[in-house]
Structures are given as C-alpha cells and as structure tokens.
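Worksheet: one structure, shown below.
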Amino acid sequence: MCADKTHDKRPNFLLSLLGNKCARCRRGSIYSGSNPYDLKNCLKMPEECPVCGQKVEVEVGFYYGTGYVSYALSIAICVASLIAWWLFVGFSIYDNRIFWWLGFNGLLLLVLQPLIMRLSRTVWMAFFVYYDENWRERPQVTGREHTTLKSA
C-alpha cells in the first residue's frame, strides 16, 4: 500500500516540550522520575536519552542558562494571571484587590515552580539540540567530534 510503516510520524514539538521529551528524538523522557512534585528527585536526569542516546547534559554547566528561561516563563504566568484576575475579579482603587492578586500570584508561582524548572530545562535543551528525523541511522555527534567530522 501507500503507507510506509518503517517511517514514524514526526512528534509534535510543543507536546514534546510539555512532556519533557528529548529534543533530538522527541520520544525519550529526559527526567528519571515522572512526578515533578517529588522534590528530592524532580530534577534527576539520566546520562543520556533512553531512546536515542543523546547526552542529556551536553556539556558541564549546560543548564546554567535555564534561569533566563525560567524567568521568562514566570513573567508569562504572572501576566496571564494578572489578565485573568482583571477579567474575572477586576481591580479598583477603592479596595485592596491588587494585594489579593499579589498573594494569589505568589502562591501560584510557588506551586508551579517544579513544573517551571523542568520545562525551562527542556526548552533550553531544545535551543541547542535539534530534532533529527534520522536519529536511528545516525549516531549522536556533538562538540569536538562534530568539528573533526567536518574537517575530515
């Protein structure tokens, strides 16, 4: 028939980000545990992706830049909660609804922090590791190995 069963469908980029999947194959989980609220183990990562073998920590200190992504995600959540509060509750200069929103927003960010930390690592990895349709045929090549292959 027309359908080629050997070629898998390309996984959705946004769904793989939200599911904390590997950036190279978009199938393997980059976290050891699935529960982000297990605070002792929420950021434990295997050495490499269980599906394609991509190194999860590409280089030493690779995830230091996730603070910028985490900050941007937190600001987006704050703006979204501000707009939702403004639409559903409203603001007034005659009462203290703005202080109630500040308390609600602080509590919301505190509750969502493990999810934000995990998502920021996944987004940061997706900045530097690109999806490879032929990840089964090609071995993972990064860093110094990649430059030696180009020059050869």
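Each chain in the structure tokens gets a letter, A, B, ..., in the order shown, and its residues are numbered from 1; ligands are numbered from 1 in order too.
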Worksheet item: Could you name the residues that touch Trp85 in chain A at 10 Å or less, counting only C-alpha atoms, but leaving out those on the same chain fewer than 4 positions away, as a VMD selection string?
Response: chain A and resid 79 to 81 89 to 91 97 to 98 100 to 101 104 to 105
Discussion item. Need the shell around range 34-50 of chain A: protein/DNA/RNA residues with any atom at most 12 Å away, counting only C-alpha atoms. Skip same-chain ones fewer than 2 positions apart. Format as a PyMOL selection string?
Written reply: chain A and resi 19-32+52-59+63+110-122+135+140
Worksheet item: For Arg136 in chain A, which residue out of A:Leu17, A:Tyr64, A:Val51, A:Arg10 is the nearest one, using only C-alpha atoms?
Response: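 Among the listed residues, the smallest separation from Arg136 in chain A belongs to A:Val51.
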Worksheet item: Distance CA of Ser70 in chain A-CA of Leu102 in chain A, one decimal place?
Response: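 It comes out at 19.1 Å.
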Worksheet entry | Picked from chain A by DSSP as helix (DSSP H, G or I), as number ranges by chain | A: 13-18, 62-88, 97-128, 144-151
Worksheet item: What does the distance between CA of Ser74 in chain A and CA of Gly106 in chain A come to in Å, to one decimal place?
Response: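 CA of Ser74 in chain A sits 10.4 Å away from CA of Gly106 in chain A.
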Practice prompt. Write out as a VMD selection string all residues of chain A that DSSP puts in strand (DSSP E or B) for this structure's backbone.
Written response: chain A and resid 21 29 48 55
Selected residues written out with all heavy atoms, as an mmCIF file, in the first residue's frame:
data_model
loop_
_atom_site.group_PDB
_atom_site.id
_atom_site.type_symbol
_atom_site.label_atom_id
_atom_site.label_comp_id
_atom_site.auth_asym_id
_atom_site.auth_seq_id
_atom_site.Cartn_x
_atom_site.Cartn_y
_atom_site.Cartn_z
ATOM 1 N N LYS A 21 10.309 15.719 26.810
ATOM 2 C CA LYS A 21 10.935 14.694 25.985
ATOM 3 C C LYS A 21 12.250 15.206 25.424
ATOM 4 O O LYS A 21 12.506 16.407 25.354
ATOM 5 C CB LYS A 21 10.012 14.284 24.833
ATOM 6 C CG LYS A 21 8.663 13.747 25.285
ATOM 7 C CD LYS A 21 8.825 12.484 26.073
ATOM 8 C CE LYS A 21 7.469 11.932 26.487
ATOM 9 N NZ LYS A 21 7.563 10.825 27.389
ATOM 10 N N SER A 29 12.114 10.315 27.620
ATOM 11 C CA SER A 29 11.998 11.259 28.717
ATOM 12 C C SER A 29 13.391 11.664 29.196
ATOM 13 O O SER A 29 14.273 10.827 29.341
ATOM 14 C CB SER A 29 11.215 10.641 29.869
ATOM 15 O OG SER A 29 11.135 11.542 30.944
ATOM 16 N N GLU A 48 21.995 9.878 29.461
ATOM 17 C CA GLU A 48 21.598 10.049 28.052
ATOM 18 C C GLU A 48 20.148 9.635 27.870
ATOM 19 O O GLU A 48 19.555 8.976 28.715
ATOM 20 C CB GLU A 48 22.516 9.246 27.135
ATOM 21 C CG GLU A 48 22.618 7.795 27.469
ATOM 22 C CD GLU A 48 23.703 7.103 26.671
ATOM 23 O OE1 GLU A 48 24.745 7.707 26.389
ATOM 24 O OE2 GLU A 48 23.477 5.935 26.323
ATOM 25 N N LYS A 55 23.159 12.764 24.729
ATOM 26 C CA LYS A 55 23.598 13.176 26.057
ATOM 27 C C LYS A 55 22.634 14.230 26.575
ATOM 28 O O LYS A 55 22.326 15.199 25.884
ATOM 29 C CB LYS A 55 24.998 13.763 26.004
ATOM 30 C CG LYS A 55 26.091 12.757 25.918
ATOM 31 C CD LYS A 55 27.420 13.473 25.979
ATOM 32 C CE LYS A 55 28.514 12.514 26.312
ATOM 33 N NZ LYS A 55 29.799 13.217 26.399
#
